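Data block for protein.csv (CSV, C-alpha atoms):
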chain,number,residue,atom,x,y,z
A,17,MET,CA,-35.2,-7.7,-96.5
A,18,SER,CA,-38.7,-8.6,-95.3
A,19,GLY,CA,-39.2,-11.9,-97.2
A,20,ASN,CA,-37.2,-15.0,-96.5
A,21,THR,CA,-34.6,-15.7,-99.3
A,22,TRP,CA,-35.0,-19.5,-99.0
A,23,ILE,CA,-38.8,-19.3,-99.5
A,24,TYR,CA,-38.3,-17.0,-102.5
A,25,ILE,CA,-35.9,-19.7,-104.0
A,26,ALA,CA,-38.3,-22.5,-103.2
A,27,VAL,CA,-41.2,-20.7,-104.9
A,28,MET,CA,-39.1,-19.9,-107.9
A,29,ALA,CA,-37.9,-23.5,-108.2
A,30,ALA,CA,-41.3,-25.0,-107.8
A,31,VAL,CA,-43.0,-22.8,-110.3
A,32,THR,CA,-40.2,-23.2,-112.8
A,33,TYR,CA,-40.0,-27.0,-112.5
A,34,LEU,CA,-43.8,-27.3,-112.8
A,35,ILE,CA,-43.8,-25.3,-116.0
A,36,ARG,CA,-41.1,-27.6,-117.5
A,37,MET,CA,-42.6,-30.8,-116.2
A,38,LEU,CA,-46.3,-30.6,-116.7
A,39,PRO,CA,-46.4,-30.6,-120.5
A,40,LEU,CA,-43.9,-33.4,-120.8
A,41,THR,CA,-45.8,-35.6,-118.4
A,42,LEU,CA,-49.5,-34.6,-118.9
A,43,LEU,CA,-50.0,-32.7,-122.1
A,44,ARG,CA,-49.4,-35.3,-124.8
A,45,LYS,CA,-52.1,-33.9,-127.0
A,46,GLU,CA,-52.0,-30.7,-129.1
A,47,ILE,CA,-53.3,-27.3,-127.9
A,48,LYS,CA,-56.1,-26.5,-130.3
A,49,ASN,CA,-57.1,-22.9,-129.3
A,50,ARG,CA,-55.5,-20.6,-131.9
A,51,THR,CA,-55.4,-17.5,-129.8
A,52,LEU,CA,-53.8,-19.3,-126.9
A,53,ARG,CA,-51.2,-20.9,-129.2
A,54,SER,CA,-50.4,-17.5,-130.7
A,55,PHE,CA,-50.2,-15.9,-127.2
A,56,LEU,CA,-47.7,-18.6,-126.2
A,57,TYR,CA,-45.8,-18.1,-129.4
A,58,TYR,CA,-45.2,-14.4,-128.7
A,59,VAL,CA,-44.6,-14.5,-124.9
A,60,PRO,CA,-40.9,-15.6,-124.8
A,61,TYR,CA,-39.7,-12.9,-127.2
A,62,VAL,CA,-41.8,-10.1,-125.8
A,63,THR,CA,-40.8,-10.9,-122.2
A,64,LEU,CA,-37.1,-11.0,-123.0
A,65,THR,CA,-37.3,-7.7,-124.8
A,66,VAL,CA,-39.2,-6.0,-121.9
A,67,MET,CA,-36.5,-7.4,-119.5
A,68,THR,CA,-33.7,-6.0,-121.6
A,69,PHE,CA,-35.1,-2.6,-122.4
A,70,PRO,CA,-34.5,0.0,-121.0
A,71,ALA,CA,-32.6,-1.8,-118.2
A,72,ILE,CA,-29.6,-2.5,-120.5
A,73,LEU,CA,-29.0,1.3,-121.0
A,74,THR,CA,-28.0,1.7,-117.4
A,75,ALA,CA,-26.4,-1.8,-116.9
A,76,THR,CA,-22.8,-0.6,-117.3
A,77,GLY,CA,-23.2,2.6,-115.4
A,78,ASP,CA,-22.6,4.7,-118.6
A,79,ILE,CA,-25.1,5.0,-121.4
A,80,ARG,CA,-22.3,5.4,-124.0
A,81,THR,CA,-20.6,2.2,-123.2
A,82,ALA,CA,-23.9,0.4,-122.9
A,83,CYS,CA,-24.9,1.6,-126.4
A,84,ALA,CA,-21.6,0.3,-127.8
A,85,GLY,CA,-22.4,-3.1,-126.3
A,86,ILE,CA,-26.0,-3.0,-127.6
A,87,VAL,CA,-24.9,-2.3,-131.1
A,88,CYS,CA,-22.4,-5.1,-131.0
A,89,ALA,CA,-24.9,-7.5,-129.6
A,90,LEU,CA,-27.5,-6.6,-132.2
A,91,ILE,CA,-25.1,-7.0,-135.1
A,92,LEU,CA,-23.7,-10.4,-133.9
A,93,ALA,CA,-27.2,-11.6,-133.1
A,94,TRP,CA,-28.4,-10.5,-136.6
A,95,LYS,CA,-25.5,-12.6,-138.0
A,96,LYS,CA,-26.9,-15.5,-136.0
A,97,GLN,CA,-23.9,-16.0,-133.7
A,98,SER,CA,-24.4,-18.3,-130.8
A,99,LEU,CA,-25.6,-17.0,-127.4
A,100,PRO,CA,-22.3,-17.2,-125.5
A,101,VAL,CA,-20.4,-15.6,-128.4
A,102,VAL,CA,-22.8,-12.6,-128.5
A,103,ALA,CA,-22.7,-12.2,-124.8
A,104,PHE,CA,-18.9,-12.4,-124.5
A,105,VAL,CA,-18.0,-10.2,-127.4
A,106,SER,CA,-20.5,-7.6,-126.3
A,107,CYS,CA,-18.8,-7.5,-122.9
A,108,CYS,CA,-15.4,-7.1,-124.5
A,109,VAL,CA,-16.7,-4.2,-126.6
A,110,VAL,CA,-18.1,-2.5,-123.5
A,111,PHE,CA,-14.7,-3.0,-121.8
A,112,ILE,CA,-12.9,-1.4,-124.7
A,113,ALA,CA,-15.5,1.4,-124.9
A,114,GLN,CA,-14.9,2.1,-121.2
A,115,LEU,CA,-11.1,2.5,-121.8
A,116,ILE,CA,-11.8,4.9,-124.7
A,117,VAL,CA,-14.3,6.9,-122.7
A,118,GLY,CA,-11.8,7.1,-119.9
A,119,LEU,CA,-9.2,8.7,-122.2
A,120,ILE,CA,-11.6,11.4,-123.4
B,22,MET,CA,-32.7,-49.5,-126.6
B,23,THR,CA,-29.4,-51.3,-126.1
B,24,GLU,CA,-26.9,-50.3,-123.4
B,25,LYS,CA,-24.2,-49.3,-126.0
B,26,LYS,CA,-26.6,-47.0,-127.8
B,27,THR,CA,-27.5,-45.4,-124.5
B,28,THR,CA,-23.9,-44.9,-123.6
B,29,ASN,CA,-23.2,-43.3,-127.0
B,30,ALA,CA,-26.1,-41.0,-126.6
B,31,PHE,CA,-24.9,-39.9,-123.2
B,32,ILE,CA,-21.4,-39.2,-124.5
B,33,GLN,CA,-22.8,-37.3,-127.4
B,34,GLY,CA,-24.9,-35.2,-125.0
B,35,LEU,CA,-21.8,-34.4,-123.0
B,36,ARG,CA,-19.9,-33.3,-126.1
B,37,ASP,CA,-22.8,-31.1,-127.4
B,38,GLY,CA,-23.4,-29.8,-123.9
B,39,LEU,CA,-19.8,-28.7,-123.3
B,40,PRO,CA,-19.9,-25.4,-125.2
B,41,ILE,CA,-23.2,-24.7,-123.5
B,42,GLY,CA,-21.7,-25.4,-120.1
B,43,LEU,CA,-18.8,-23.0,-120.9
B,44,GLY,CA,-21.1,-20.3,-122.0
B,45,TYR,CA,-23.3,-20.8,-118.9
B,46,LEU,CA,-20.2,-20.5,-116.7
B,47,ALA,CA,-19.5,-17.0,-118.1
B,48,VAL,CA,-23.0,-15.7,-118.0
B,49,ALA,CA,-23.7,-17.2,-114.6
B,50,PHE,CA,-20.7,-15.4,-113.3
B,51,THR,CA,-22.4,-12.1,-114.0
B,52,LEU,CA,-25.5,-13.4,-112.4
B,53,GLY,CA,-23.5,-14.2,-109.3
B,54,ILE,CA,-22.3,-10.6,-109.1
B,55,GLN,CA,-25.9,-9.4,-109.2
B,56,CYS,CA,-26.8,-11.9,-106.5
B,57,VAL,CA,-24.5,-10.1,-104.1
B,58,ASP,CA,-26.2,-6.9,-105.1
B,59,ALA,CA,-29.6,-8.4,-104.2
B,60,GLY,CA,-28.2,-9.3,-100.7
B,61,MET,CA,-27.7,-13.0,-101.2
B,62,ASN,CA,-24.8,-15.0,-99.9
B,63,ALA,CA,-22.8,-17.6,-101.9
B,64,VAL,CA,-24.8,-20.6,-100.6
B,65,GLU,CA,-28.2,-19.1,-101.4
B,66,ALA,CA,-27.1,-18.0,-104.9
B,67,THR,CA,-25.5,-21.3,-105.7
B,68,VAL,CA,-28.6,-23.3,-104.6
B,69,MET,CA,-30.8,-20.9,-106.5
B,70,SER,CA,-28.9,-21.6,-109.7
B,71,LEU,CA,-28.7,-25.3,-109.1
B,72,VAL,CA,-32.5,-25.7,-108.6
B,73,ASN,CA,-33.6,-23.2,-111.2
B,74,VAL,CA,-31.1,-23.3,-114.1
B,75,THR,CA,-32.7,-20.3,-115.9
B,76,SER,CA,-31.1,-17.0,-116.7
B,77,ALA,CA,-34.1,-14.8,-117.3
B,78,GLY,CA,-36.1,-16.3,-114.5
B,79,GLU,CA,-33.4,-16.0,-111.9
B,80,PHE,CA,-32.5,-12.5,-113.1
B,81,ALA,CA,-36.2,-11.4,-112.7
B,82,GLY,CA,-36.3,-13.3,-109.3
B,83,LEU,CA,-33.3,-11.3,-108.1
B,84,ALA,CA,-35.2,-8.0,-108.7
B,85,ILE,CA,-38.1,-9.3,-106.7
B,86,ILE,CA,-35.9,-10.5,-103.8
B,87,LYS,CA,-34.2,-7.1,-103.8
B,88,ALA,CA,-37.5,-5.2,-103.7
B,89,SER,CA,-38.9,-7.6,-101.1
B,90,SER,CA,-42.0,-8.1,-103.2
B,91,SER,CA,-44.6,-10.8,-102.3
B,92,TYR,CA,-44.1,-14.5,-102.8
B,93,LEU,CA,-47.2,-14.4,-105.1
B,94,GLU,CA,-45.5,-11.8,-107.3
B,95,MET,CA,-42.5,-14.1,-107.4
B,96,ALA,CA,-44.6,-17.0,-108.5
B,97,VAL,CA,-46.4,-15.0,-111.2
B,98,SER,CA,-43.2,-13.5,-112.6
B,99,GLN,CA,-41.6,-17.0,-112.9
B,100,LEU,CA,-44.7,-18.3,-114.6
B,101,ILE,CA,-44.8,-15.5,-117.2
B,102,ILE,CA,-41.1,-15.3,-117.8
B,103,ASN,CA,-40.5,-19.0,-118.0
B,104,LEU,CA,-43.7,-19.7,-120.0
B,105,ARG,CA,-41.5,-20.4,-123.0
B,106,TYR,CA,-40.3,-23.6,-121.2
B,107,MET,CA,-43.8,-24.8,-121.3
B,108,LEU,CA,-43.8,-24.6,-125.1
B,109,MET,CA,-40.4,-26.4,-125.2
B,110,SER,CA,-41.5,-29.1,-122.8
B,111,PHE,CA,-44.6,-29.5,-125.0
B,112,ALA,CA,-42.5,-29.8,-128.1
B,113,LEU,CA,-40.2,-32.3,-126.4
B,114,SER,CA,-43.2,-34.3,-125.4
B,115,GLN,CA,-44.2,-34.6,-129.0
B,116,LYS,CA,-40.7,-35.8,-129.9
B,117,ALA,CA,-40.5,-38.3,-127.1
B,118,ASP,CA,-41.6,-41.9,-127.6
B,119,PRO,CA,-45.2,-42.1,-126.4
B,120,SER,CA,-44.1,-45.1,-124.3
B,121,LEU,CA,-41.3,-43.2,-122.5
B,122,GLY,CA,-41.8,-43.6,-118.8
B,123,VAL,CA,-42.7,-40.9,-116.3
B,124,GLY,CA,-39.4,-41.2,-114.5
B,125,HIS,CA,-37.5,-40.1,-117.6
B,126,ARG,CA,-40.0,-37.4,-118.4
B,127,LEU,CA,-39.5,-35.9,-114.9
B,128,GLY,CA,-35.7,-36.1,-115.4
B,129,ILE,CA,-35.6,-34.5,-118.8
B,130,ALA,CA,-38.0,-31.7,-117.6
B,131,PHE,CA,-35.4,-30.5,-115.1
B,132,GLY,CA,-33.0,-29.6,-117.9
B,133,VAL,CA,-35.3,-27.8,-120.3
B,134,THR,CA,-33.4,-24.6,-121.0
B,135,ASP,CA,-33.2,-22.6,-124.3
B,136,GLU,CA,-29.9,-24.1,-125.3
B,137,ILE,CA,-30.4,-27.7,-124.2
B,138,PHE,CA,-33.8,-27.6,-125.8
B,139,GLY,CA,-32.2,-26.3,-129.0
B,140,ILE,CA,-29.7,-29.2,-129.3
B,141,SER,CA,-32.3,-31.8,-128.2
B,142,ILE,CA,-35.0,-30.8,-130.7
B,143,GLY,CA,-32.4,-30.4,-133.5
B,144,ARG,CA,-31.4,-34.1,-133.1
B,145,LYS,CA,-32.8,-36.7,-135.5
B,146,GLY,CA,-35.3,-39.3,-134.4
B,147,ARG,CA,-37.0,-39.7,-131.0
B,148,LEU,CA,-35.9,-37.9,-127.9
B,149,GLU,CA,-33.2,-39.9,-126.1
B,150,PRO,CA,-33.2,-39.4,-122.3
B,151,ALA,CA,-29.5,-40.3,-122.1
B,152,TYR,CA,-28.6,-37.5,-124.6
B,153,SER,CA,-30.5,-35.0,-122.5
B,154,TYR,CA,-28.7,-36.3,-119.3
B,155,GLY,CA,-25.3,-36.0,-121.0
B,156,ALA,CA,-26.0,-32.3,-121.9
B,157,MET,CA,-27.4,-31.6,-118.4
B,158,ALA,CA,-24.3,-33.2,-116.8
B,159,VAL,CA,-22.1,-30.4,-118.1
B,160,ALA,CA,-24.5,-27.5,-118.6
B,161,ILE,CA,-26.0,-27.5,-115.0
B,162,PRO,CA,-22.6,-27.6,-113.2
B,163,GLY,CA,-21.4,-24.8,-115.6
B,164,TRP,CA,-24.3,-22.7,-114.6
B,165,THR,CA,-24.1,-23.5,-110.9
B,166,ILE,CA,-20.3,-23.1,-110.5
B,167,GLY,CA,-20.4,-19.9,-112.6
B,168,THR,CA,-22.9,-18.4,-110.1
B,169,ALA,CA,-20.8,-19.4,-107.1
B,170,LEU,CA,-17.6,-17.9,-108.7
B,171,GLY,CA,-19.5,-14.7,-109.5
B,172,VAL,CA,-20.5,-14.3,-105.8
B,173,ILE,CA,-17.1,-15.1,-104.5
B,174,MET,CA,-14.9,-13.4,-107.0
B,175,GLY,CA,-17.2,-10.5,-108.0
B,176,ASP,CA,-15.6,-8.3,-105.3
B,177,VAL,CA,-12.1,-9.2,-106.3
B,178,LEU,CA,-12.5,-8.1,-110.0
B,179,PRO,CA,-11.8,-4.5,-110.9
B,180,GLY,CA,-14.9,-2.4,-111.3
B,181,ASN,CA,-14.5,-1.8,-115.1
B,182,ILE,CA,-14.5,-5.6,-115.7
B,183,VAL,CA,-17.6,-6.1,-113.5
B,184,SER,CA,-19.5,-3.3,-115.3
B,185,ALA,CA,-18.5,-4.7,-118.7
B,186,LEU,CA,-19.7,-8.2,-117.7
B,187,SER,CA,-23.0,-6.8,-116.5
B,188,LEU,CA,-24.0,-6.6,-120.2
B,189,ALA,CA,-23.6,-10.4,-120.7
B,190,LEU,CA,-27.1,-11.5,-119.7
B,191,TYR,CA,-28.7,-8.9,-121.8
B,192,GLY,CA,-26.5,-9.8,-124.7
B,193,MET,CA,-27.7,-13.4,-124.4
B,194,PHE,CA,-31.4,-12.2,-124.4
B,195,ILE,CA,-30.7,-10.2,-127.6
B,196,ALA,CA,-29.1,-13.3,-129.1
B,197,ILE,CA,-32.3,-15.2,-128.5
B,198,VAL,CA,-34.7,-12.5,-129.8
B,199,VAL,CA,-33.0,-10.9,-132.8
B,200,PRO,CA,-32.6,-14.0,-135.1
B,201,LYS,CA,-36.3,-14.8,-134.5
B,202,ALA,CA,-37.3,-11.2,-135.2
B,203,LYS,CA,-35.3,-11.3,-138.4
B,204,GLU,CA,-37.3,-14.3,-139.8
B,205,ASP,CA,-40.7,-13.3,-138.4
B,206,LYS,CA,-41.9,-9.7,-138.9
B,207,ARG,CA,-44.7,-10.1,-136.4
B,208,ILE,CA,-42.1,-10.9,-133.7
B,209,ALA,CA,-40.1,-7.9,-134.8
B,210,ILE,CA,-43.0,-5.5,-134.5
B,211,SER,CA,-44.1,-7.0,-131.1
B,212,CYS,CA,-40.6,-6.5,-129.8
B,213,ILE,CA,-40.2,-3.0,-131.1
B,214,ALA,CA,-43.5,-2.2,-129.4
B,215,ALA,CA,-42.1,-3.8,-126.2
B,216,VAL,CA,-39.0,-1.6,-126.3
B,217,ILE,CA,-41.1,1.5,-126.7
B,218,MET,CA,-43.8,0.6,-124.1
B,219,SER,CA,-41.2,-0.6,-121.6
B,220,SER,CA,-39.3,2.6,-121.8
B,221,ILE,CA,-42.4,4.7,-121.4
B,222,TYR,CA,-43.5,2.5,-118.4
B,223,THR,CA,-40.0,3.0,-116.8
B,224,TYR,CA,-39.6,6.7,-117.3
B,225,ALA,CA,-42.9,8.5,-117.9
B,226,PRO,CA,-44.2,10.5,-114.9
B,227,VAL,CA,-47.2,9.0,-113.1
B,228,ILE,CA,-47.2,5.8,-115.2
B,229,LYS,CA,-43.8,4.7,-113.8
B,230,ASP,CA,-45.2,4.6,-110.3
B,231,ILE,CA,-48.1,2.3,-111.2
B,232,LEU,CA,-47.3,-1.3,-110.1
B,233,SER,CA,-43.6,-0.7,-111.0
B,234,GLY,CA,-42.6,-4.1,-109.8
B,235,SER,CA,-45.0,-5.8,-112.2
B,236,ARG,CA,-43.9,-4.0,-115.3
B,237,ILE,CA,-42.5,-7.1,-117.0
B,238,ILE,CA,-45.5,-9.2,-116.3
B,239,ILE,CA,-48.1,-6.6,-117.3
B,240,LEU,CA,-46.4,-5.6,-120.5
B,241,THR,CA,-45.6,-9.2,-121.6
B,242,VAL,CA,-49.3,-10.2,-121.2
B,243,LEU,CA,-50.6,-7.0,-122.8
B,244,ILE,CA,-48.4,-7.0,-125.8
B,245,SER,CA,-48.4,-10.8,-126.4
B,246,LEU,CA,-52.2,-10.9,-126.1
B,247,ALA,CA,-52.6,-7.9,-128.6
B,248,ALA,CA,-50.2,-9.7,-131.0
B,249,ALA,CA,-52.1,-12.9,-130.7
B,250,VAL,CA,-55.4,-11.2,-131.5
B,251,ILE,CA,-54.1,-8.9,-134.3
B,252,ALA,CA,-51.7,-11.5,-135.9
B,253,PRO,CA,-52.7,-15.0,-134.9
B,254,VAL,CA,-50.2,-17.6,-136.0
B,255,LYS,CA,-51.0,-20.6,-138.2
B,256,GLU,CA,-51.0,-24.0,-136.6
B,257,GLU,CA,-47.8,-25.2,-138.4
B,258,GLU,CA,-45.8,-22.2,-137.2
B,259,THR,CA,-46.0,-22.8,-133.5
Would you give me this structure, written as structure tokens?
Amino acid sequence: MSGNTWIYIAVMAAVTYLIRMLPLTLLRKEIKNRTLRSFLYYVPYVTLTVMTFPAILTATGDIRTACAGIVCALILAWKKQSLPVVAFVSCCVVFIAQLIVGLI
Amino acid sequence: MTEKKTTNAFIQGLRDGLPIGLGYLAVAFTLGIQCVDAGMNAVEATVMSLVNVTSAGEFAGLAIIKASSSYLEMAVSQLIINLRYMLMSFALSQKADPSLGVGHRLGIAFGVTDEIFGISIGRKGRLEPAYSYGAMAVAIPGWTIGTALGVIMGDVLPGNIVSALSLALYGMFIAIVVPKAKEDKRIAISCIAAVIMSSIYTYAPVIKDILSGSRIIILTVLISLAAAVIAPVKEEET
């Protein structure tokens, strides 16, 4: 590893805290620019999607078990289950799918 | 605010934060397993979770540490991926009493996560710092201890459990995106475009080699900007 892990952690923490802290302390007025507001509106969902796909397909080491987990997560999320429930049940489905794949 | 009311708000925060803390414990466990994979030890991983408290951000950070990318790339990735916290912080600022002191604002800011934001913003009336601190008091230890346990016990667990757990973080991301996509077609279309473009960027020959470490940042900015121009949102929606 060429970079220093502690410096990486410090950079992460500093940037993340500034993002959380600056609006609360400084920006007490509304952002007016419509394009900027729209951009900020889309960013969270787009970035989570880009992080999830296609990496999720290889996360479990077997695309078949990953797909079982994805389908389960999509259905539960569609039914508006809480974040930990979606995460946990999807893992259980992957576990079961692994057992089934192992039998075939 | 009276002392009793403050105590009540803190206890209520603890209670509402408990399920969040338990969920964090489980998800952070899988993050801990990935920390080992990125070459971190238990102390580094635990401190990282304690000072960041962000699943997506730390997860992306791990990829950068693993690839030994530059510190600048780390800073930019955190900025983009955690940009949603800026919106949340902004919304909390609107909900806070304008006379709320800087000290409390600095304190509340540390605990701005998707879930704590969710319970704080859903609460009636002005933002109460004691409530936020109560939620943080269980959620942050849950996240931090979960990470430590993942690093320490990840080796001990059987491989099939570890590979099943590796879906947890992604499951949580899906749980954030899908309900929003269901109620807003523009988000749905943006996210479908994101799936397609991200897959092309990852697998297509030639393209996959262009700034491969910056895929998340580049695609997020491109797609969100395109969406903002094509389908700008009305003021009351943001």
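CA of Asn103 (chain B) is positioned 24.6 Å from CA of Gly122 (chain B).
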**Study point:** Selection as a PyMOL selection string: residues within 10 Å of (-24.9, -10.3, -112.0), counting all atoms listed in the file
**Key:** (chain A and resi 75) or (chain B and resi 48-59+80+83+168+171-172+175+183-184+186-190)
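Nearest-residue note for chain A: choosing from B:Ser120, B:Ser235, B:Ser114, B:Thr134, the minimum distance belongs to B:Ser114, counting all atoms listed in the file.
A straight line drawn from CA of Leu42 (chain A) to CA of Phe138 (chain B) is 18.5 Å long.
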Residue contacts of Arg207 (chain B) (9 Å, only C-alpha atoms) excluding same-chain residues fewer than 4 positions away, as a PDB file with C-alpha atoms, in the coordinates of the input:
ATOM      1  CA  TYR A  58     -45.200 -14.400-128.700  1.00  0.00           C
TER       2      TYR A  58
ATOM      3  CA  ALA B 202     -37.300 -11.200-135.200  1.00  0.00           C
ATOM      4  CA  SER B 211     -44.100  -7.000-131.100  1.00  0.00           C
ATOM      5  CA  CYS B 212     -40.600  -6.500-129.800  1.00  0.00           C
ATOM      6  CA  ALA B 248     -50.200  -9.700-131.000  1.00  0.00           C
ATOM      7  CA  ALA B 252     -51.700 -11.500-135.900  1.00  0.00           C
TER       8      ALA B 252
END
As a check of understanding: the span from CA of Met193 (chain B) to CA of Gly180 (chain B) is 21.4 Å
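Of the residues listed (A:Ile112, A:Val117, A:Ala29, A:Cys83), A:Ala29 shows the shortest atom-to-atom separation from chain B; distances use only C-alpha atoms.
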Nearest to Met37 (chain A): which of B:Arg36, B:Gly124, B:Arg144, B:Asn29 is it, counting only C-alpha atoms?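 Comparing B:Arg36, B:Gly124, B:Arg144, B:Asn29 against Met37 (chain A), the winner is B:Gly124.
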